[in-house]
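Peer 1: Got a file for you: target.tsv, TSV, C-alpha atoms and all ligand atoms.
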```tsv
chain	number	residue	atom	x	y	z
A	104	MET	CA	54.16	-48.35	-68.04
A	105	VAL	CA	53.14	-48.68	-71.63
A	106	GLU	CA	50.35	-50.48	-73.43
A	107	LEU	CA	52.14	-52.92	-75.71
A	108	ASN	CA	51.40	-54.74	-78.88
A	109	MET	CA	52.20	-58.21	-77.49
A	110	GLY	CA	53.59	-59.26	-80.89
A	111	VAL	CA	56.72	-57.21	-80.15
A	112	VAL	CA	57.29	-58.63	-76.69
A	113	GLN	CA	59.80	-61.46	-76.55
A	114	PRO	CA	58.29	-64.08	-74.26
A	115	ILE	CA	61.47	-64.64	-72.25
A	116	LYS	CA	61.62	-63.59	-68.63
A	117	LEU	CA	64.97	-61.84	-68.21
A	118	THR	CA	67.06	-61.43	-65.10
A	119	LEU	CA	69.38	-58.61	-64.06
A	120	LYS	CA	72.27	-60.60	-65.56
A	121	SER	CA	70.66	-61.09	-69.01
A	122	ARG	CA	72.78	-59.61	-71.82
A	123	PHE	CA	71.85	-57.66	-74.93
A	124	LYS	CA	73.35	-55.27	-77.50
A	125	PHE	CA	71.68	-51.92	-78.10
A	126	ARG	CA	72.41	-48.25	-78.60
A	127	CYS	CA	70.12	-45.33	-79.19
A	128	HIS	CA	71.64	-42.06	-80.42
A	129	PRO	CA	70.75	-39.18	-82.77
A	130	GLY	CA	72.51	-40.97	-85.66
A	131	VAL	CA	70.08	-43.92	-85.83
A	132	PRO	CA	67.72	-43.71	-88.84
A	133	CYS	CA	64.72	-44.21	-86.56
A	134	PHE	CA	65.63	-41.37	-84.18
A	135	THR	CA	62.49	-40.34	-82.20
A	136	GLU	CA	60.23	-42.86	-84.00
A	137	CYS	CA	59.42	-44.47	-80.66
A	138	CYS	CA	58.14	-41.12	-79.30
A	139	GLY	CA	54.80	-41.29	-81.08
A	140	ARG	CA	51.85	-43.54	-81.85
A	141	THR	CA	52.17	-45.29	-78.53
A	142	THR	CA	50.49	-45.14	-75.13
A	143	ILE	CA	52.65	-44.01	-72.25
A	144	ILE	CA	51.10	-44.47	-68.86
A	145	LEU	CA	52.57	-41.99	-66.41
A	146	THR	CA	53.32	-43.01	-62.85
A	147	PRO	CA	52.79	-40.50	-60.03
A	148	TYR	CA	56.56	-39.96	-59.90
A	149	ASP	CA	56.67	-39.33	-63.67
A	150	VAL	CA	54.05	-36.61	-63.25
A	151	LEU	CA	55.95	-35.13	-60.31
A	152	ARG	CA	59.24	-34.99	-62.25
A	153	LEU	CA	57.73	-33.63	-65.44
A	154	ARG	CA	55.76	-30.87	-63.83
A	155	GLN	CA	58.81	-29.85	-61.79
A	156	ARG	CA	60.86	-29.82	-64.99
A	157	LEU	CA	58.29	-27.65	-66.76
A	158	ARG	CA	57.84	-25.46	-63.65
A	159	ILE	CA	54.07	-25.64	-63.81
A	160	THR	CA	51.46	-26.77	-61.31
A	161	SER	CA	50.44	-30.41	-61.23
A	162	GLY	CA	46.92	-29.33	-62.24
A	163	ASP	CA	48.21	-27.47	-65.29
A	164	PHE	CA	50.42	-30.39	-66.29
A	165	LEU	CA	47.56	-32.87	-66.05
A	166	GLU	CA	45.20	-30.63	-67.97
A	167	LYS	CA	47.60	-29.72	-70.75
A	168	PHE	CA	49.48	-32.97	-71.42
A	169	THR	CA	47.51	-35.93	-70.13
A	170	ARG	CA	44.19	-37.70	-70.16
A	171	ARG	CA	42.60	-39.73	-67.41
A	172	GLU	CA	41.84	-43.40	-67.95
A	173	GLN	CA	40.91	-46.33	-65.76
A	174	HIS	CA	43.20	-49.20	-64.79
A	175	ASP	CA	41.32	-52.28	-65.94
A	176	LYS	CA	42.11	-54.49	-62.93
A	177	SER	CA	41.82	-52.13	-59.99
A	178	GLY	CA	39.44	-49.57	-61.49
A	179	PHE	CA	41.75	-46.83	-60.20
A	180	PRO	CA	42.40	-43.80	-62.37
A	181	MET	CA	45.56	-43.75	-64.48
A	182	VAL	CA	47.18	-40.88	-66.27
A	183	VAL	CA	48.25	-41.27	-69.89
A	184	MET	CA	50.36	-38.90	-72.00
A	185	ASP	CA	47.79	-37.42	-74.39
A	186	MET	CA	49.64	-37.72	-77.69
A	187	ALA	CA	46.42	-37.48	-79.71
A	188	ARG	CA	46.23	-33.81	-78.77
A	189	PHE	CA	49.67	-33.26	-80.28
A	190	GLY	CA	49.20	-34.97	-83.63
A	191	GLY	CA	49.94	-38.46	-82.29
A	192	ILE	CA	53.43	-37.67	-81.03
A	193	CYS	CA	54.81	-36.89	-77.62
A	194	PRO	CA	54.59	-33.16	-76.88
A	195	PHE	CA	58.20	-33.22	-75.67
A	196	VAL	CA	59.89	-34.62	-78.76
A	197	ARG	CA	61.66	-32.52	-81.40
A	198	PRO	CA	62.86	-33.96	-84.73
A	199	VAL	CA	66.55	-33.00	-84.45
A	200	THR	CA	67.26	-32.65	-80.75
A	201	GLY	CA	64.97	-35.45	-79.55
A	202	CYS	CA	63.55	-35.48	-76.05
A	203	GLN	CA	63.33	-32.04	-74.45
A	204	VAL	CA	62.77	-33.45	-70.97
A	205	TYR	CA	65.40	-36.18	-71.21
A	206	SER	CA	66.71	-36.11	-67.64
A	207	ASP	CA	63.10	-36.17	-66.38
A	208	ARG	CA	61.62	-38.52	-68.99
A	209	PRO	CA	59.05	-41.05	-67.75
A	210	ALA	CA	59.95	-44.50	-66.47
A	211	THR	CA	58.69	-46.20	-69.64
A	212	CYS	CA	60.97	-44.11	-71.85
A	213	ARG	CA	63.93	-44.89	-69.58
A	214	TYR	CA	63.44	-48.64	-69.78
A	215	TYR	CA	62.70	-48.90	-73.50
A	216	PRO	CA	63.49	-51.25	-75.28
A	217	ILE	CA	63.28	-53.25	-72.08
A	218	GLY	CA	59.86	-53.85	-70.61
A	219	GLN	CA	59.28	-54.29	-66.92
A	220	GLY	CA	56.57	-56.56	-65.56
A	221	THR	CA	55.40	-56.77	-61.98
A	222	LEU	CA	53.48	-59.49	-60.19
A	223	ILE	CA	52.30	-59.44	-56.64
A	224	THR	CA	53.09	-62.54	-54.61
A	225	GLU	CA	52.79	-63.47	-50.95
A	226	GLU	CA	56.42	-62.34	-50.50
A	227	GLY	CA	55.76	-58.94	-52.11
A	228	LEU	CA	56.44	-57.61	-55.60
A	229	ASP	CA	58.08	-59.85	-58.19
A	230	GLU	CA	59.66	-57.58	-60.82
A	231	PHE	CA	60.93	-59.04	-64.06
A	232	PHE	CA	62.06	-57.83	-67.48
A	233	PHE	CA	61.54	-58.64	-71.16
A	234	PHE	CA	62.76	-57.34	-74.53
A	235	ILE	CA	60.51	-55.20	-76.72
A	236	LYS	CA	61.63	-55.69	-80.31
A	237	GLU	CA	59.81	-53.36	-82.66
A	238	GLU	CA	60.69	-53.48	-86.32
A	239	HIS	CA	61.35	-49.77	-86.63
A	240	CYS	CA	63.85	-49.75	-83.75
A	241	LYS	CA	67.34	-49.93	-85.25
A	242	GLY	CA	69.12	-49.59	-81.92
A	243	TRP	CA	69.17	-53.41	-81.83
A	244	GLU	CA	71.62	-53.38	-84.72
A	245	GLU	CA	74.22	-51.46	-82.72
A	246	ASP	CA	77.08	-53.04	-80.80
A	247	THR	CA	77.04	-51.59	-77.30
A	248	GLN	CA	76.76	-54.39	-74.74
A	249	TRP	CA	74.57	-54.26	-71.68
A	250	THR	CA	73.12	-56.40	-68.97
A	251	ILE	CA	69.71	-55.46	-67.62
A	252	GLU	CA	71.54	-54.36	-64.49
A	253	THR	CA	73.93	-51.98	-66.28
A	254	TRP	CA	71.06	-50.64	-68.43
A	255	ARG	CA	69.01	-49.91	-65.33
A	256	SER	CA	71.91	-48.14	-63.71
A	257	ASP	CA	72.68	-46.12	-66.87
A	258	GLN	CA	69.05	-45.00	-67.11
A	259	GLY	CA	68.91	-43.90	-63.44
A	260	PHE	CA	66.26	-46.41	-62.63
A	261	ASP	CA	66.84	-47.07	-58.92
A	262	LEU	CA	65.20	-43.83	-57.86
A	263	TYR	CA	62.25	-44.32	-60.22
A	264	ASP	CA	61.69	-47.87	-58.99
A	265	LYS	CA	61.88	-46.78	-55.38
A	266	MET	CA	59.36	-43.98	-55.91
A	267	ASN	CA	56.98	-46.13	-57.99
A	268	ARG	CA	56.98	-49.33	-55.96
A	269	ASP	CA	54.35	-48.37	-53.36
A	270	TRP	CA	52.02	-47.03	-56.04
A	271	LYS	CA	52.39	-50.22	-58.07
A	272	THR	CA	51.69	-52.30	-54.97
A	273	LEU	CA	48.55	-50.29	-54.39
A	274	MET	CA	47.32	-50.87	-57.95
A	275	LEU	CA	48.18	-54.56	-57.96
A	276	ARG	CA	46.85	-55.36	-54.51
A	277	ARG	CA	43.56	-53.76	-55.27
A	278	GLY	CA	43.46	-55.55	-58.60
A	279	SER	CA	44.20	-58.90	-57.02
A	280	ASP	CA	41.53	-58.57	-54.35
A	281	GLY	CA	38.71	-59.57	-56.65
A	282	GLY	CA	36.73	-56.99	-54.73
A	283	PRO	CA	34.58	-54.23	-56.12
A	284	VAL	CA	36.31	-51.38	-57.92
A	285	ALA	CA	36.62	-48.11	-56.05
A	286	ASP	CA	33.59	-45.81	-56.16
A	287	GLU	CA	33.72	-42.41	-57.84
A	288	ARG	CA	34.64	-40.59	-54.64
A	289	GLY	CA	37.47	-43.04	-53.96
A	290	ASN	CA	38.69	-42.72	-57.55
A	291	ASN	CA	38.72	-38.94	-57.38
A	292	LEU	CA	40.62	-39.04	-54.12
A	293	PHE	CA	43.12	-41.50	-55.63
A	294	TYR	CA	43.62	-39.23	-58.65
A	295	MET	CA	44.23	-36.16	-56.52
A	296	VAL	CA	46.65	-37.83	-54.11
A	297	ALA	CA	48.64	-39.76	-56.70
A	298	TYR	CA	48.80	-37.23	-59.52
A	299	ASP	CA	47.66	-33.76	-58.50
A	300	LEU	CA	50.03	-33.07	-55.64
A	301	ASP	CA	49.40	-29.32	-55.44
A	302	GLN	CA	45.74	-30.03	-54.90
A	303	PHE	CA	46.55	-32.73	-52.33
A	304	ARG	CA	48.80	-30.31	-50.45
A	305	ARG	CA	45.92	-27.84	-50.27
A	306	PHE	CA	43.66	-30.67	-49.09
A	307	VAL	CA	46.06	-31.52	-46.26
A	308	PHE	CA	46.74	-27.97	-45.09
A	309	LYS	CA	43.54	-26.12	-45.92
A	310	SER	CA	40.85	-28.66	-45.05
A	311	ARG	CA	40.09	-30.39	-41.73
A	312	PHE	CA	42.68	-33.07	-42.50
A	313	LEU	CA	45.06	-32.03	-39.71
A	314	GLN	CA	42.16	-31.99	-37.25
A	315	LEU	CA	41.19	-35.51	-38.25
A	316	PHE	CA	44.72	-36.97	-38.22
A	317	GLN	CA	47.66	-36.39	-35.94
A	318	VAL	CA	50.60	-35.62	-38.20
A	319	GLU	CA	53.95	-34.92	-36.52
A	320	GLU	CA	55.20	-31.35	-37.00
A	321	ASP	CA	58.40	-32.46	-38.74
A	322	VAL	CA	56.30	-34.52	-41.19
A	323	GLN	CA	54.09	-31.49	-41.82
A	324	GLU	CA	57.19	-29.42	-42.62
A	325	LYS	CA	58.50	-32.06	-45.00
A	326	ILE	CA	55.30	-32.53	-46.95
A	327	TRP	CA	54.85	-28.77	-47.21
A	328	ASP	CA	58.34	-28.39	-48.73
A	329	SER	CA	58.87	-31.55	-50.75
A	330	ASP	CA	56.73	-33.12	-53.47
A	331	GLU	CA	58.60	-36.40	-53.02
A	332	ASP	CA	57.75	-36.55	-49.30
A	333	LEU	CA	54.17	-35.51	-50.02
A	334	LEU	CA	53.80	-38.31	-52.57
A	335	ASP	CA	55.19	-40.84	-50.13
A	336	PHE	CA	52.82	-39.57	-47.43
A	337	GLY	CA	49.90	-39.59	-49.89
A	338	ILE	CA	50.40	-43.19	-50.93
A	339	LYS	CA	50.44	-44.22	-47.26
A	340	TYR	CA	47.24	-42.26	-46.72
A	341	LEU	CA	45.64	-44.01	-49.71
A	342	LYS	CA	46.60	-47.42	-48.33
A	343	MET	CA	44.74	-46.53	-45.17
A	344	VAL	CA	41.70	-45.00	-46.85
A	345	LEU	CA	41.39	-48.00	-49.15
A	346	LYS	CA	41.66	-50.31	-46.14
A	347	LEU	CA	44.74	-52.05	-47.48
A	348	GLU	CA	46.66	-51.09	-44.32
A	349	ASP	CA	45.49	-49.82	-40.98
A	350	ALA	CA	46.17	-46.25	-39.87
A	351	LYS	CA	48.85	-47.19	-37.38
A	352	SER	CA	50.93	-49.22	-39.81
A	353	VAL	CA	51.11	-46.29	-42.25
A	354	GLY	CA	51.97	-43.85	-39.41
A	355	LEU	CA	48.74	-41.86	-39.45
A	356	VAL	CA	46.95	-41.62	-36.15
A	357	PRO	CA	43.29	-40.65	-36.35
A	358	ALA	CA	42.75	-37.72	-34.00
A	359	THR	CA	38.99	-38.27	-33.97
A	360	GLN	CA	36.57	-41.17	-34.21
A	361	GLU	CA	35.36	-39.72	-37.53
A	362	ALA	CA	38.80	-40.09	-39.18
A	363	GLY	CA	39.27	-43.68	-38.05
A	364	ALA	CA	35.83	-44.77	-39.25
B	1	LIG	S1	59.13	-38.07	-72.86
B	1	LIG	FE1	60.93	-37.91	-74.18
B	1	LIG	S2	61.61	-40.01	-74.49
B	1	LIG	FE2	59.53	-40.11	-73.73
B	1	LIG	S3	58.19	-40.22	-75.50
B	1	LIG	FE3	58.40	-38.06	-74.94
B	1	LIG	S4	60.10	-37.28	-76.13
B	1	LIG	FE4	60.23	-39.51	-76.19
B	2	LIG	S1	63.24	-46.53	-82.16
B	2	LIG	FE1	64.90	-47.44	-80.91
B	2	LIG	S2	66.85	-46.74	-81.74
B	2	LIG	FE2	65.21	-45.52	-82.66
B	2	LIG	S3	65.14	-43.70	-81.39
B	2	LIG	FE3	63.66	-45.12	-80.51
B	2	LIG	S4	64.80	-46.31	-78.98
B	2	LIG	FE4	66.29	-45.23	-80.26
```
Mind converting the file's structure to structure tokens?
Peer 2:
Amino acid sequence: MVELNMGVVQPIKLTLKSRFKFRCHPGVPCFTECCGRTTIILTPYDVLRLRQRLRITSGDFLEKFTRREQHDKSGFPMVVMDMARFGGICPFVRPVTGCQVYSDRPATCRYYPIGQGTLITEEGLDEFFFFIKEEHCKGWEEDTQWTIETWRSDQGFDLYDKMNRDWKTLMLRRGSDGGPVADERGNNLFYMVAYDLDQFRRFVFKSRFLQLFQVEEDVQEKIWDSDEDLLDFGIKYLKMVLKLEDAKSVGLVPATQEAGA
């Protein structure tokens, strides 16, 4: 996700078959210009991938590279790449070699110069696409042909979309409720579960969590070993805590009255 100057968004809703010409490579005169003076909102899966790439704890990643903000519709916490701390540019960009975390770059960087919008409807999520045409971006003058579908595939987007979809649903459903924003305790829980997975793992295994909820042993093994499984489990847990789904439908059985309350 990125906060956009709407003047650069082309107001045409694209489909997977929409065509465009674009190429970004180290030879373009604007190389790395898009890696600064912008706001990149990190999804939980972006944080997971980047901290794995850097081999640091989720807490250290959040503290060193991000700042916490609030999603205007849902009131939930969001994590933003803190470029201001690095002179207004992304901490992972270098002038000659470009992105130092390329294979683990955030979803927004993968899609650019395509934007992705998401609406929640009665049938579920409606995802659509649009062009972002910024004057400095010379990749539009190149000749390589794409459809949105081939661009998505080239940028490895299926996995990112799969991992981000439940989180997006959570943000949008809360935002569309018209209900009160989450309180501070709920927000802090949301932040820990979605972004600070090491802390959430400690919460699950070192607190009374496993006394309050029955969690199958094979699930316990998985979430101990895998950040991806832990994130998936955490989002389900949040859906239950936030009363968007009941415990049974997210596969968490309260072991005590206290947990189900
Ligand atoms: S993560 Fe990589 S692609 Fe994204 S803004 Fe930073 S340097 Fe650029
Ligand atoms: S501004 Fe456009 S062409 Fe230039 S480096 Fe960024 S994405 Fe590539």
Peer 1: Do you know which residues are within 12 Å of ligand LIG 2 (chain B) using all atoms listed in the file? Can you write them as a PyMOL selection string?
Peer 2: chain A and resi 124-141+196-202+211-217+234-245
Peer 1: Looking at only C-alpha atoms, which of A:Leu119, A:Val150, A:Leu315, A:Met295 is the one that sits closest to Tyr263 (chain A)?
Peer 2: A:Val150
Peer 1: So which residues are close to (48.1, -31.1, -58.5), meaning at most 10 Å away in the file's coordinates with all atoms listed in the file counted, and can you show them as a list in words?
Peer 2: Val150, Leu151, Arg154, Ile159, Thr160, Ser161, Gly162, Asp163, Phe164, Leu165, Glu166, Tyr294, Met295, Val296, Ala297, Tyr298, Asp299, Leu300, Asp301, Gln302, Phe303, Arg304 and Arg305 of chain A
Peer 1: Using all atoms listed in the file, find the one residue out of A:Asp269, A:Glu320, A:Asp257, A:Asp175 that sits nearest to Tyr148 (chain A).
Peer 2: A:Asp269
Peer 1: Under the rule that only C-alpha atoms and all ligand atoms are counted, which of A:Gln203, A:Gln317, A:Gln248, A:Thr224 is the nearest residue to ligand LIG 1 (chain B)?
Peer 2: A:Gln203
Peer 1: To one decimal in Å, tell me the separation between CA of Leu153 (chain A) and CA of Arg208 (chain A).
Peer 2: 7.2 Å
Peer 1: One decimal, in Å: what's the spacing between CA of Asp246 (chain A) and CA of Val204 (chain A)?
Peer 2: 26.2 Å
Peer 1: Calculated over all atoms listed in the file, which of the candidates A:Val307, A:Ile223, A:Val353, A:Met186 has the smallest distance to ligand LIG 1 (chain B)?
Peer 2: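 Nearest to ligand LIG 1 (chain B): A:Met186.
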Peer 1: Can you work out the spacing between atom FE3 of ligand LIG 1 (chain B) and CA of Pro209 (chain A) in Å, to one decimal?
Peer 2: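 Distance reported for this atom pair: 7.8 Å.
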Peer 1: Would you please work out which residue, of A:Gln219, A:Leu275, A:Phe168, A:Ser206, is nearest to Gln258 (chain A) when using all atoms listed in the file?
Peer 2: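 Closest to Gln258 (chain A) of all the choices is A:Ser206.
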Peer 1: Need to verify the contact set: Phe231 (chain A), 12 Å, only C-alpha atoms, exclusion of same-chain residues closer than 2 positions in sequence. Can you return it as a VMD selection string?
Peer 2: chain A and resid 114 to 121 217 to 223 228 to 229 233 to 234 251 to 252
Peer 1: Looking at all atoms listed in the file, which of A:Thr253, A:Gln323, A:Asn291, A:Thr142 is the one that sits closest to ligand LIG 1 (chain B)?
Peer 2: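 Checking each candidate against ligand LIG 1 (chain B), we get A:Thr142 as the closest.
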Peer 1: Please list as a list in words every residue within 12 Å of Asp349 (chain A), counting only C-alpha atoms and excluding residues in the same chain fewer than 4 positions away.
Peer 2: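 Neighbouring residues, sequence-local ones excluded: Lys339, Tyr340, Leu341, Lys342, Met343, Val344, Leu345, Val353, Gly354, Leu355, Val356, Pro357, Ala362, Gly363 and Ala364 of chain A.
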Peer 1: If the box runs along x, y and z of the file and leaves 8 Å on each side of region 326-332 of chain A, what are its centre and edge lengths in Å, one decimal, as lines of an AutoDock Vina configuration file?
Peer 2:
```
center_x = 56.9
center_y = -32.5
center_z = -50.2
size_x = 20.0
size_y = 24.2
size_z = 22.5
```
Peer 1: Please provide the set of residues having any atom within 9 Å of Val182 (chain A), restricted to all atoms listed in the file, with same-chain residues fewer than 4 positions apart removed, written as a list in words.
Peer 2: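 Contacts, in chain order: Ile143, Ile144, Leu145, Thr146, Pro147, Val150, Leu165, Thr169, Arg170, Arg171, Glu172, Gln173, Tyr294 and Tyr298 of chain A.
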